[in-house]
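Below: the structure, in C-alpha cells.
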Amino acid sequence: MTGDVLRKGQTMKRLESSEKERYHRQMLIPGWGEPGQEKLKNATVFIAGAGGLGSPVAIYLAVAGVGTLRICDCGEPELSNLNRQILHDDTRIGKNKALSAQQTLCRLNPDITVVPLAERITDVTVAELVGDADILVDCLDNFDTRHVLNRYAVKKHLPMVHAGVYGMHGQLLFIHPPETPCLWCMHAGSVPAALFPIVGATAGAMGCLEALETLKYLTGIGTNLKGQMLLWD
C-alpha cells in the first residue's frame, strides 16, 4: 500500500473494503471516520498480562482493529482463572497465556497481527518486549512488575493505562509522563503477593474501560483520564 509516511518511517496502511465494512459502526462516531480507523490499523499496543484485565482489553482492541497487539504473559491458565480470563478455556490449561491469547484473538479478527511474548517483564527485558508500541496497557496483578513498566513509560515518555481490581472494586487512570503523575506517585513501593477475591464482571468492566482509554488516545477522540483516578465500586 502507498500513503503518508508515519513518524516511525513506515508507510501508512490504508483500509481495505472489508475493513471499512467491519468497522463501519464505530467509524460513524463523529471525528472517527476512516482517518481514525487508519490510525488504529497502524498502531501497536503493548498489553502487559493476558489474564482477567488483559482478556477484555485484548479482545476489544482486536475487534476494534488495532493493527498490532504485543501481548505479554509468561504464565499458564489454571482452572481457577476461567471465571474471568475469557481469552482462555478448559482446552488451554497448561498452555502459555500469550500463545493462547494469540489463538483466540486471531480467530476473532484475522486482519490484525498478534505478537505473543511468553516472557517475564523485568528492567532487563522490558525494552525488547515493548518494542515499538505506541501505548502500554497495565493488566498486571502485582505492583513490582507494574513499577517496572511504569519506570519504562516515564523514561520513554510513553502513555500507559493502569487498572487494578479487587472483589467488586476497580481503579483506572491514564498516565503520560511528564504531563501527568506516574504510577509511583500514586502508589510507591510494593504489595505482598496474596490470593485476592475477584469476580469476572469486575475485571471485564475495568478491562473495557482500559480499552476505551487506549482507543481514545490512538484515535485522538474524547478526553483521557489524566491527573485523576476513576474508582469503580
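Ordering of the C-alpha cells sets the chain letters (A, B, ...); residue numbers start at 1 within each chain; ligands are numbered from 1 in the order shown.
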Find the residues around Ala48 of chain A up to 12 Å (only C-alpha atoms counted), leave out those fewer than 4 positions away in its own chain, and share them as a PyMOL selection string.
-> chain A and resi 52-55+57-58+69-75+97-98+116-122+126+129-130+133+135-142+145-150+160-163
Among listed residues A:Pro177, A:Gly227, A:Pro110, A:Gly200, nearest Ser80 of chain A (using only C-alpha atoms) |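 Answer, going by the shortest atom-to-atom distance: A:Gly200.
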Choose the residue, out of A:Val115, A:Ala64, A:Ala203, A:Cys208, that has the smallest atom-to-atom separation from Gly51 of chain A; count only C-alpha atoms.
->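 Among the listed residues, the smallest separation from Gly51 of chain A belongs to A:Ala203.
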From the set A:Gly170, A:His157, A:Asn81, A:His176, which residue has the shortest atom-to-atom contact distance to Leu195 of chain A, counting only C-alpha atoms?
->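 Nearest to Leu195 of chain A: A:Asn81.
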Within 6 Å of segment 164-169 of chain A using only C-alpha atoms, minus same-chain residues under 3 positions, as a VMD selection string = chain A and resid 197 to 199 202 232 to 233
Extract the full set of strand (DSSP E) residues from chain A according to DSSP on the backbone, and format it as an MDAnalysis selection string.
-> chainID A and resid 44:48 68:72 113:117 135:138 160:166 169:175 230:232
What would the file look like if the residues just selected were written as a compact mmCIF listing (two decimals), in the first residue's frame with C-alpha atoms?
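Printed below is again-v2.txt as written:
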# COMPACT_ATOMS: atom_id res chain seq x y z
CA THR A 44 0.90 -1.01 18.08
CA VAL A 45 -0.28 -1.64 21.64
CA PHE A 46 1.68 -3.45 24.34
CA ILE A 47 -0.60 -5.38 26.70
CA ALA A 48 1.10 -6.48 29.91
CA THR A 68 -0.63 -4.94 16.13
CA LEU A 69 -1.08 -6.26 19.65
CA ARG A 70 2.04 -7.26 21.58
CA ILE A 71 0.65 -9.34 24.44
CA CYS A 72 2.99 -10.47 27.19
CA THR A 113 -1.22 -9.06 13.98
CA VAL A 114 -0.84 -10.58 17.44
CA VAL A 115 2.68 -10.98 18.80
CA PRO A 116 2.76 -13.41 21.77
CA LEU A 117 5.53 -12.74 24.29
CA ILE A 135 0.94 2.90 24.26
CA LEU A 136 1.26 0.47 27.19
CA VAL A 137 -1.68 -1.16 28.97
CA ASP A 138 -1.11 -2.39 32.52
CA MET A 160 0.26 3.94 29.98
CA VAL A 161 -3.23 2.91 31.01
CA HIS A 162 -3.44 1.38 34.50
CA ALA A 163 -6.24 -0.57 36.13
CA GLY A 164 -6.45 -2.65 39.27
CA VAL A 165 -9.22 -4.86 40.62
CA TYR A 166 -10.24 -6.45 43.92
CA HIS A 169 -13.83 -2.79 43.24
CA GLY A 170 -11.65 -1.35 40.50
CA GLN A 171 -9.48 1.67 39.75
CA LEU A 172 -8.39 3.27 36.49
CA LEU A 173 -6.08 6.06 35.39
CA PHE A 174 -4.28 7.31 32.30
CA ILE A 175 -0.58 8.05 32.77
CA LEU A 230 -11.73 6.62 38.35
CA LEU A 231 -12.93 4.35 41.16
CA TRP A 232 -15.45 1.57 40.49
Check the smallest atom-to-atom distance from each of A:Asn109, A:Gln85, A:Ser190, A:Thr104 to Gly67 of chain A using only C-alpha atoms, then report the winner.
-> A:Asn109
